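What follows is the content of upload02.csv (CSV, C-alpha atoms and all ligand atoms).
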chain,number,residue,atom,x,y,z
A,1,MET,CA,-73.8,-23.0,116.0
A,2,LYS,CA,-76.8,-25.3,115.7
A,3,ILE,CA,-76.7,-29.1,115.3
A,4,ASP,CA,-79.8,-31.0,114.3
A,5,HIS,CA,-80.1,-34.6,113.1
A,6,ARG,CA,-82.5,-37.2,111.7
A,7,THR,CA,-82.0,-40.9,112.1
A,8,VAL,CA,-82.8,-42.4,108.7
A,9,GLY,CA,-83.0,-45.7,106.8
A,10,VAL,CA,-82.9,-49.4,107.7
A,11,PHE,CA,-79.3,-48.9,109.1
A,12,GLU,CA,-80.6,-46.1,111.4
A,13,GLU,CA,-77.9,-43.7,110.3
A,14,ASN,CA,-77.6,-40.2,111.8
A,15,CYS,CA,-77.6,-37.5,109.2
A,16,TYR,CA,-76.6,-34.2,110.8
A,17,LEU,CA,-77.4,-30.6,109.9
A,18,LEU,CA,-74.6,-28.3,111.0
A,19,ALA,CA,-75.7,-24.7,110.8
A,20,ASP,CA,-74.4,-21.2,111.5
A,21,GLU,CA,-77.8,-19.6,112.3
A,22,GLN,CA,-76.5,-16.0,112.4
A,23,ALA,CA,-75.0,-16.4,108.9
A,24,GLY,CA,-78.0,-18.4,107.7
A,25,ARG,CA,-75.9,-21.2,106.2
A,26,GLY,CA,-75.8,-24.9,106.7
A,27,VAL,CA,-74.3,-28.2,105.6
A,28,LEU,CA,-75.6,-31.7,105.7
A,29,ILE,CA,-73.3,-34.4,106.9
A,30,ASP,CA,-74.0,-37.9,105.6
A,31,PRO,CA,-77.5,-37.7,104.0
A,32,GLY,CA,-78.0,-41.5,104.2
A,33,ASP,CA,-81.7,-42.0,103.2
A,34,GLU,CA,-85.2,-40.5,103.5
A,35,ALA,CA,-84.2,-37.3,101.7
A,36,GLU,CA,-87.6,-35.7,102.2
A,37,GLN,CA,-87.0,-35.8,106.0
A,38,LEU,CA,-83.6,-34.2,105.6
A,39,VAL,CA,-85.0,-31.5,103.3
A,40,ALA,CA,-87.6,-30.8,105.9
A,41,MET,CA,-84.9,-30.5,108.6
A,42,VAL,CA,-83.0,-28.0,106.6
A,43,ARG,CA,-86.1,-26.0,105.8
A,44,ALA,CA,-87.1,-26.0,109.5
A,45,ALA,CA,-83.7,-24.5,110.4
A,46,ASN,CA,-84.3,-21.7,107.9
A,47,VAL,CA,-80.8,-21.8,106.5
A,48,THR,CA,-79.4,-22.0,103.0
A,49,LEU,CA,-77.7,-25.3,102.3
A,50,ASP,CA,-74.1,-24.9,101.0
A,51,ALA,CA,-72.8,-28.4,100.7
A,52,ILE,CA,-72.9,-32.1,101.6
A,53,TRP,CA,-70.0,-33.3,103.6
A,54,LEU,CA,-69.5,-37.1,103.6
A,55,THR,CA,-67.5,-38.8,106.4
A,56,HIS,CA,-67.4,-41.8,104.1
A,57,ALA,CA,-69.4,-43.3,101.2
A,58,HIS,CA,-71.0,-46.5,102.6
A,59,ILE,CA,-74.5,-46.9,101.3
A,60,ASP,CA,-76.1,-45.9,104.6
A,61,HIS,CA,-74.3,-42.5,104.5
A,62,MET,CA,-75.0,-41.5,100.9
A,63,GLY,CA,-78.4,-42.9,99.9
A,64,GLY,CA,-80.1,-39.6,100.3
A,65,ILE,CA,-77.8,-37.5,98.1
A,66,VAL,CA,-79.8,-37.6,95.0
A,67,GLY,CA,-83.1,-36.7,96.8
A,68,VAL,CA,-81.5,-33.7,98.5
A,69,ARG,CA,-79.8,-32.5,95.4
A,70,ARG,CA,-83.1,-32.6,93.5
A,71,VAL,CA,-84.1,-29.7,95.8
A,72,TRP,CA,-80.7,-27.9,96.2
A,73,ASP,CA,-77.9,-28.6,93.8
A,74,VAL,CA,-75.1,-28.4,96.3
A,75,PRO,CA,-71.6,-30.0,96.0
A,76,VAL,CA,-70.6,-33.3,97.6
A,77,LEU,CA,-67.3,-33.4,99.4
A,78,LEU,CA,-65.5,-36.8,99.9
A,79,HIS,CA,-62.1,-38.1,100.6
A,80,PRO,CA,-60.8,-39.7,97.3
A,81,ARG,CA,-60.0,-43.0,99.0
A,82,ASP,CA,-63.7,-43.7,99.3
A,83,LEU,CA,-64.4,-43.2,95.6
A,84,PRO,CA,-64.8,-47.0,95.0
A,85,TYR,CA,-67.7,-46.9,97.4
A,86,TYR,CA,-69.2,-43.8,96.0
A,87,ARG,CA,-69.0,-44.9,92.4
A,88,GLU,CA,-69.6,-48.6,92.6
A,89,LEU,CA,-69.6,-50.5,95.9
A,90,SER,CA,-72.5,-48.7,97.5
A,91,ALA,CA,-74.8,-49.4,94.5
A,92,ARG,CA,-73.8,-53.0,94.9
A,93,SER,CA,-74.6,-53.0,98.6
A,94,ALA,CA,-78.0,-51.5,97.9
A,95,GLN,CA,-78.7,-54.3,95.5
A,96,MET,CA,-77.5,-56.9,98.0
A,97,TYR,CA,-79.7,-55.5,100.8
A,98,GLY,CA,-82.7,-54.8,98.4
A,99,ILE,CA,-82.6,-51.0,99.1
A,100,ASP,CA,-83.8,-48.5,96.6
A,101,PHE,CA,-80.8,-46.4,95.6
A,102,GLU,CA,-80.2,-43.7,93.1
A,103,GLN,CA,-76.6,-43.3,92.0
A,104,PRO,CA,-75.5,-39.7,92.5
A,105,GLU,CA,-73.2,-37.7,90.2
A,106,GLY,CA,-69.9,-36.5,91.6
A,107,PRO,CA,-68.4,-36.2,94.1
A,108,ASP,CA,-67.5,-32.6,93.4
A,109,ALA,CA,-64.6,-31.9,95.7
A,110,GLU,CA,-61.9,-33.9,97.4
A,111,LEU,CA,-61.3,-33.8,101.2
A,112,SER,CA,-57.8,-34.1,102.6
A,113,ASP,CA,-56.3,-34.4,106.0
A,114,GLY,CA,-55.9,-31.0,107.7
A,115,GLN,CA,-58.1,-29.2,105.2
A,116,GLU,CA,-60.3,-26.4,106.7
A,117,LEU,CA,-64.0,-26.2,105.8
A,118,SER,CA,-66.4,-23.4,106.3
A,119,CYS,CA,-70.1,-23.4,107.2
A,120,GLY,CA,-71.0,-19.7,107.5
A,121,ASP,CA,-68.5,-18.4,110.0
A,122,LEU,CA,-67.8,-21.8,111.5
A,123,ARG,CA,-64.5,-23.5,110.8
A,124,PHE,CA,-64.0,-27.3,110.8
A,125,THR,CA,-60.9,-29.3,110.2
A,126,VAL,CA,-60.8,-32.5,108.3
A,127,MET,CA,-59.1,-35.4,110.0
A,128,HIS,CA,-58.4,-38.5,107.8
A,129,VAL,CA,-59.0,-41.5,110.1
A,130,PRO,CA,-59.2,-44.6,107.8
A,131,GLY,CA,-59.9,-48.2,108.9
A,132,HIS,CA,-63.7,-48.6,108.9
A,133,ALA,CA,-63.5,-47.2,105.3
A,134,PRO,CA,-60.3,-46.1,103.5
A,135,GLY,CA,-61.5,-42.6,103.0
A,136,LEU,CA,-63.2,-42.0,106.4
A,137,VAL,CA,-62.8,-38.5,107.8
A,138,ALA,CA,-63.9,-36.7,110.9
A,139,PHE,CA,-65.0,-33.1,110.8
A,140,ASN,CA,-63.6,-31.4,114.0
A,141,GLY,CA,-64.3,-27.9,115.3
A,142,HIS,CA,-66.0,-25.8,118.0
A,143,GLY,CA,-65.7,-28.6,120.6
A,144,VAL,CA,-67.5,-31.2,118.5
A,145,SER,CA,-66.5,-34.0,116.1
A,146,PHE,CA,-68.6,-35.6,113.4
A,147,GLY,CA,-66.7,-38.9,113.2
A,148,GLY,CA,-69.0,-41.1,111.1
A,149,ASP,CA,-68.4,-44.7,111.9
A,150,LEU,CA,-65.0,-44.3,113.6
A,151,LEU,CA,-66.2,-44.3,117.2
A,152,PHE,CA,-69.6,-45.0,118.7
A,153,ALA,CA,-70.9,-44.7,122.3
A,154,GLY,CA,-69.5,-47.9,123.7
A,155,SER,CA,-68.2,-49.4,120.4
A,156,ILE,CA,-66.3,-48.7,117.2
A,157,GLY,CA,-67.0,-49.1,113.5
A,158,ARG,CA,-66.5,-52.6,112.0
A,159,THR,CA,-63.4,-53.3,109.9
A,160,ASP,CA,-64.6,-56.5,108.1
A,161,LEU,CA,-66.3,-54.8,105.2
A,162,PRO,CA,-64.6,-54.6,101.8
A,163,LEU,CA,-61.7,-52.2,102.0
A,164,GLY,CA,-61.8,-52.1,105.8
A,165,ASN,CA,-58.4,-52.3,107.6
A,166,PRO,CA,-58.0,-53.1,111.3
A,167,ALA,CA,-54.4,-51.8,111.5
A,168,GLU,CA,-55.5,-48.4,110.0
A,169,MET,CA,-58.4,-48.4,112.4
A,170,ASN,CA,-56.1,-48.9,115.4
A,171,ALA,CA,-53.9,-46.0,114.3
A,172,SER,CA,-56.9,-43.8,113.6
A,173,LEU,CA,-58.5,-44.4,117.0
A,174,GLU,CA,-55.2,-43.7,118.7
A,175,ARG,CA,-54.8,-40.4,116.8
A,176,PHE,CA,-58.4,-39.4,117.3
A,177,VAL,CA,-58.3,-40.0,121.0
A,178,SER,CA,-54.8,-38.4,121.5
A,179,GLU,CA,-55.2,-35.3,119.3
A,180,LEU,CA,-58.7,-34.1,120.3
A,181,PRO,CA,-59.5,-32.6,123.7
A,182,ALA,CA,-61.2,-34.9,126.2
A,183,GLU,CA,-64.3,-32.8,126.4
A,184,THR,CA,-65.0,-33.1,122.7
A,185,VAL,CA,-68.6,-34.1,122.0
A,186,VAL,CA,-68.6,-36.9,119.4
A,187,TYR,CA,-71.6,-37.1,117.0
A,188,PRO,CA,-71.4,-40.6,115.6
A,189,GLY,CA,-72.9,-42.1,112.4
A,190,HIS,CA,-75.1,-44.4,114.5
A,191,GLY,CA,-76.4,-44.3,118.0
A,192,PRO,CA,-76.4,-41.5,120.6
A,193,ARG,CA,-73.7,-38.8,120.9
A,194,THR,CA,-71.0,-39.1,123.5
A,195,THR,CA,-67.8,-37.5,124.7
A,196,LEU,CA,-64.2,-38.5,124.1
A,197,GLU,CA,-63.7,-38.5,127.9
A,198,ARG,CA,-66.5,-40.9,128.5
A,199,GLU,CA,-65.3,-43.2,125.7
A,200,ARG,CA,-61.7,-43.2,127.0
A,201,ARG,CA,-63.0,-44.3,130.4
A,202,THR,CA,-65.7,-46.8,129.4
A,203,ASN,CA,-65.4,-47.9,125.8
A,204,PRO,CA,-64.0,-51.5,125.9
A,205,PHE,CA,-62.2,-50.9,122.5
A,206,LEU,CA,-60.3,-47.9,124.0
A,207,THR,CA,-59.7,-49.1,127.6
A,208,GLY,CA,-58.0,-52.3,126.4
A,209,ALA,CA,-60.8,-54.6,127.8
A,210,VAL,CA,-61.4,-55.8,124.2
A,211,ARG,CA,-58.6,-56.2,121.8
A,212,PRO,CA,-60.2,-57.6,118.6
A,213,LEU,CA,-58.0,-55.8,116.2
A,214,ARG,CA,-54.7,-57.3,115.4
A,215,ARG,CA,-51.8,-55.0,114.6
A,301,ZN,ZN,-69.8,-47.1,107.4
A,302,ZN,ZN,-72.8,-46.3,108.9

Kindly return the structure encoded in the file as structure tokens.
Amino acid sequence: MKIDHRTVGVFEENCYLLADEQAGRGVLIDPGDEAEQLVAMVRAANVTLDAIWLTHAHIDHMGGIVGVRRVWDVPVLLHPRDLPYYRELSARSAQMYGIDFEQPEGPDAELSDGQELSCGDLRFTVMHVPGHAPGLVAFNGHGVSFGGDLLFAGSIGRTDLPLGNPAEMNASLERFVSELPAETVVYPGHGPRTTLERERRTNPFLTGAVRPLRR
């Protein structure tokens, strides 16, 4: 398994390439912007791109879809609860922030909790962990988790955006932390990677030092 990434766009979002090098297959997780950089990353890995997996459809996680699909016409997978973002709200955010944005077609397939996804011979399980966004999912497998904006090193995703939900966020964090092994390496949507063990010990939102989220 190979994991590469580029940090793209004004929101400094991490787009990940997950690849099974033996099988020569790869998927892009959250192509947020600067598609030409992402295309170069895939080419450098020398894999065939099979799909785009979205953790959620905020503008900073989907702004590069059209550019990538101009090169490889691959399906976009998204949880249906994030369709409002995919189809309308992200375009509106782009306008608000003055970001160039091309509205993609699709998505092409629905993600659901517990679903198994393949990347070559790699198997990842979808975990629906809403709160930051209603359709936010984590892709878990092989000791790693791509959790989008659920959990960051030392922080968590905000819940004050439209369709955010603090109560769902609390439940999702509890589930994420209790169901995944402590040694899981978390690849977040922003900032450096971390481990669940480190976040349990030091993240103020998980240790109880900060309790900004009302139940
Ligand atoms: Zn987000
Ligand atoms: Zn984000």

Problem set entry | 12 Å contact set for Glu179 (chain A), all atoms listed in the file, chain neighbours under 5 positions out, as a ChimeraX atom specification | /A:127,129,140,145,171-174,184,196

Seminar exercise, completed: Computed gap from CA of Thr125 (chain A) to CA of Ser112 (chain A) is 9.5 Å

Problem set entry | Expected answer as a list in words: residues within 8 Å of ligand ZN 301 (chain A), all atoms listed in the file | His56, Ala57, His58, Ile59, Asp60, His61, His132, Ala133, Gly148, Asp149, Gly157, Arg158 and Gly189 of chain A

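The interatomic distance for the pair CA of Leu77 (chain A) and CA of Gly120 (chain A) works out to 16.3 Å.
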
Problem set entry | Neighbour residues at most 9 Å from (-80.0, -26.7, 99.3) (all atoms listed in the file) as a ChimeraX atom specification | /A:26-27,39,42-43,47-51,68-74

Can I get the selected residues back with C-alpha atoms, as a PDB file, in the coordinates of the input?
ATOM      1  CA  GLY A  26     -75.800 -24.900 106.700  1.00  0.00           C
ATOM      2  CA  VAL A  27     -74.300 -28.200 105.600  1.00  0.00           C
ATOM      3  CA  VAL A  39     -85.000 -31.500 103.300  1.00  0.00           C
ATOM      4  CA  VAL A  42     -83.000 -28.000 106.600  1.00  0.00           C
ATOM      5  CA  ARG A  43     -86.100 -26.000 105.800  1.00  0.00           C
ATOM      6  CA  VAL A  47     -80.800 -21.800 106.500  1.00  0.00           C
ATOM      7  CA  THR A  48     -79.400 -22.000 103.000  1.00  0.00           C
ATOM      8  CA  LEU A  49     -77.700 -25.300 102.300  1.00  0.00           C
ATOM      9  CA  ASP A  50     -74.100 -24.900 101.000  1.00  0.00           C
ATOM     10  CA  ALA A  51     -72.800 -28.400 100.700  1.00  0.00           C
ATOM     11  CA  VAL A  68     -81.500 -33.700  98.500  1.00  0.00           C
ATOM     12  CA  ARG A  69     -79.800 -32.500  95.400  1.00  0.00           C
ATOM     13  CA  ARG A  70     -83.100 -32.600  93.500  1.00  0.00           C
ATOM     14  CA  VAL A  71     -84.100 -29.700  95.800  1.00  0.00           C
ATOM     15  CA  TRP A  72     -80.700 -27.900  96.200  1.00  0.00           C
ATOM     16  CA  ASP A  73     -77.900 -28.600  93.800  1.00  0.00           C
ATOM     17  CA  VAL A  74     -75.100 -28.400  96.300  1.00  0.00           C
TER      18      VAL A  74
END

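Closest approach to ligand ZN 302 (chain A) from the set A:Asn46, A:Asn14, A:Gln37, A:Thr159 is made by A:Asn14, with distances taken over only C-alpha atoms and all ligand atoms.
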
Exercise. If we count only C-alpha atoms, what is near Phe139 (chain A) at a cut-off of 12 Å, once residues fewer than 6 positions away on the same chain are taken out, given as a ChimeraX atom specification?
Worked result: /A:16,18,27-30,53-56,77-79,111-119,122-129,145-148,150,176,180,184-188

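Distances here use all atoms listed in the file; by that measure, the residue among A:Asp121, A:Arg6, A:Glu36, A:Gly67 closest to Ala19 (chain A) is A:Asp121.
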
For this session: State, in Å with one decimal place, the distance from CA of Arg193 (chain A) to CA of Ala153 (chain A).
Result: 6.7 Å

Problem set entry | Residues within 12 Å of (-72.7, -50.4, 98.4), counting all atoms listed in the file, listed as number ranges by chain | A: 32, 56-63, 82-103, 133, 161-163

Go ahead and save the picked residues with C-alpha atoms, as a compact mmCIF listing (two decimals), keeping the file's coordinate frame.
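Result went into selection.txt, see below:
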# COMPACT_ATOMS: atom_id res chain seq x y z
CA GLY A 32 -78.00 -41.50 104.20
CA HIS A 56 -67.40 -41.80 104.10
CA ALA A 57 -69.40 -43.30 101.20
CA HIS A 58 -71.00 -46.50 102.60
CA ILE A 59 -74.50 -46.90 101.30
CA ASP A 60 -76.10 -45.90 104.60
CA HIS A 61 -74.30 -42.50 104.50
CA MET A 62 -75.00 -41.50 100.90
CA GLY A 63 -78.40 -42.90 99.90
CA ASP A 82 -63.70 -43.70 99.30
CA LEU A 83 -64.40 -43.20 95.60
CA PRO A 84 -64.80 -47.00 95.00
CA TYR A 85 -67.70 -46.90 97.40
CA TYR A 86 -69.20 -43.80 96.00
CA ARG A 87 -69.00 -44.90 92.40
CA GLU A 88 -69.60 -48.60 92.60
CA LEU A 89 -69.60 -50.50 95.90
CA SER A 90 -72.50 -48.70 97.50
CA ALA A 91 -74.80 -49.40 94.50
CA ARG A 92 -73.80 -53.00 94.90
CA SER A 93 -74.60 -53.00 98.60
CA ALA A 94 -78.00 -51.50 97.90
CA GLN A 95 -78.70 -54.30 95.50
CA MET A 96 -77.50 -56.90 98.00
CA TYR A 97 -79.70 -55.50 100.80
CA GLY A 98 -82.70 -54.80 98.40
CA ILE A 99 -82.60 -51.00 99.10
CA ASP A 100 -83.80 -48.50 96.60
CA PHE A 101 -80.80 -46.40 95.60
CA GLU A 102 -80.20 -43.70 93.10
CA GLN A 103 -76.60 -43.30 92.00
CA ALA A 133 -63.50 -47.20 105.30
CA LEU A 161 -66.30 -54.80 105.20
CA PRO A 162 -64.60 -54.60 101.80
CA LEU A 163 -61.70 -52.20 102.00

For this session: Would you list the contacts of Thr207 (chain A) as a ChimeraX atom specification, taking every protein, DNA or RNA residue within 12 Å and counting all atoms listed in the file, but skipping same-chain residues closer than 4 positions in sequence?
Result: /A:154-155,173-174,177,197-203,211
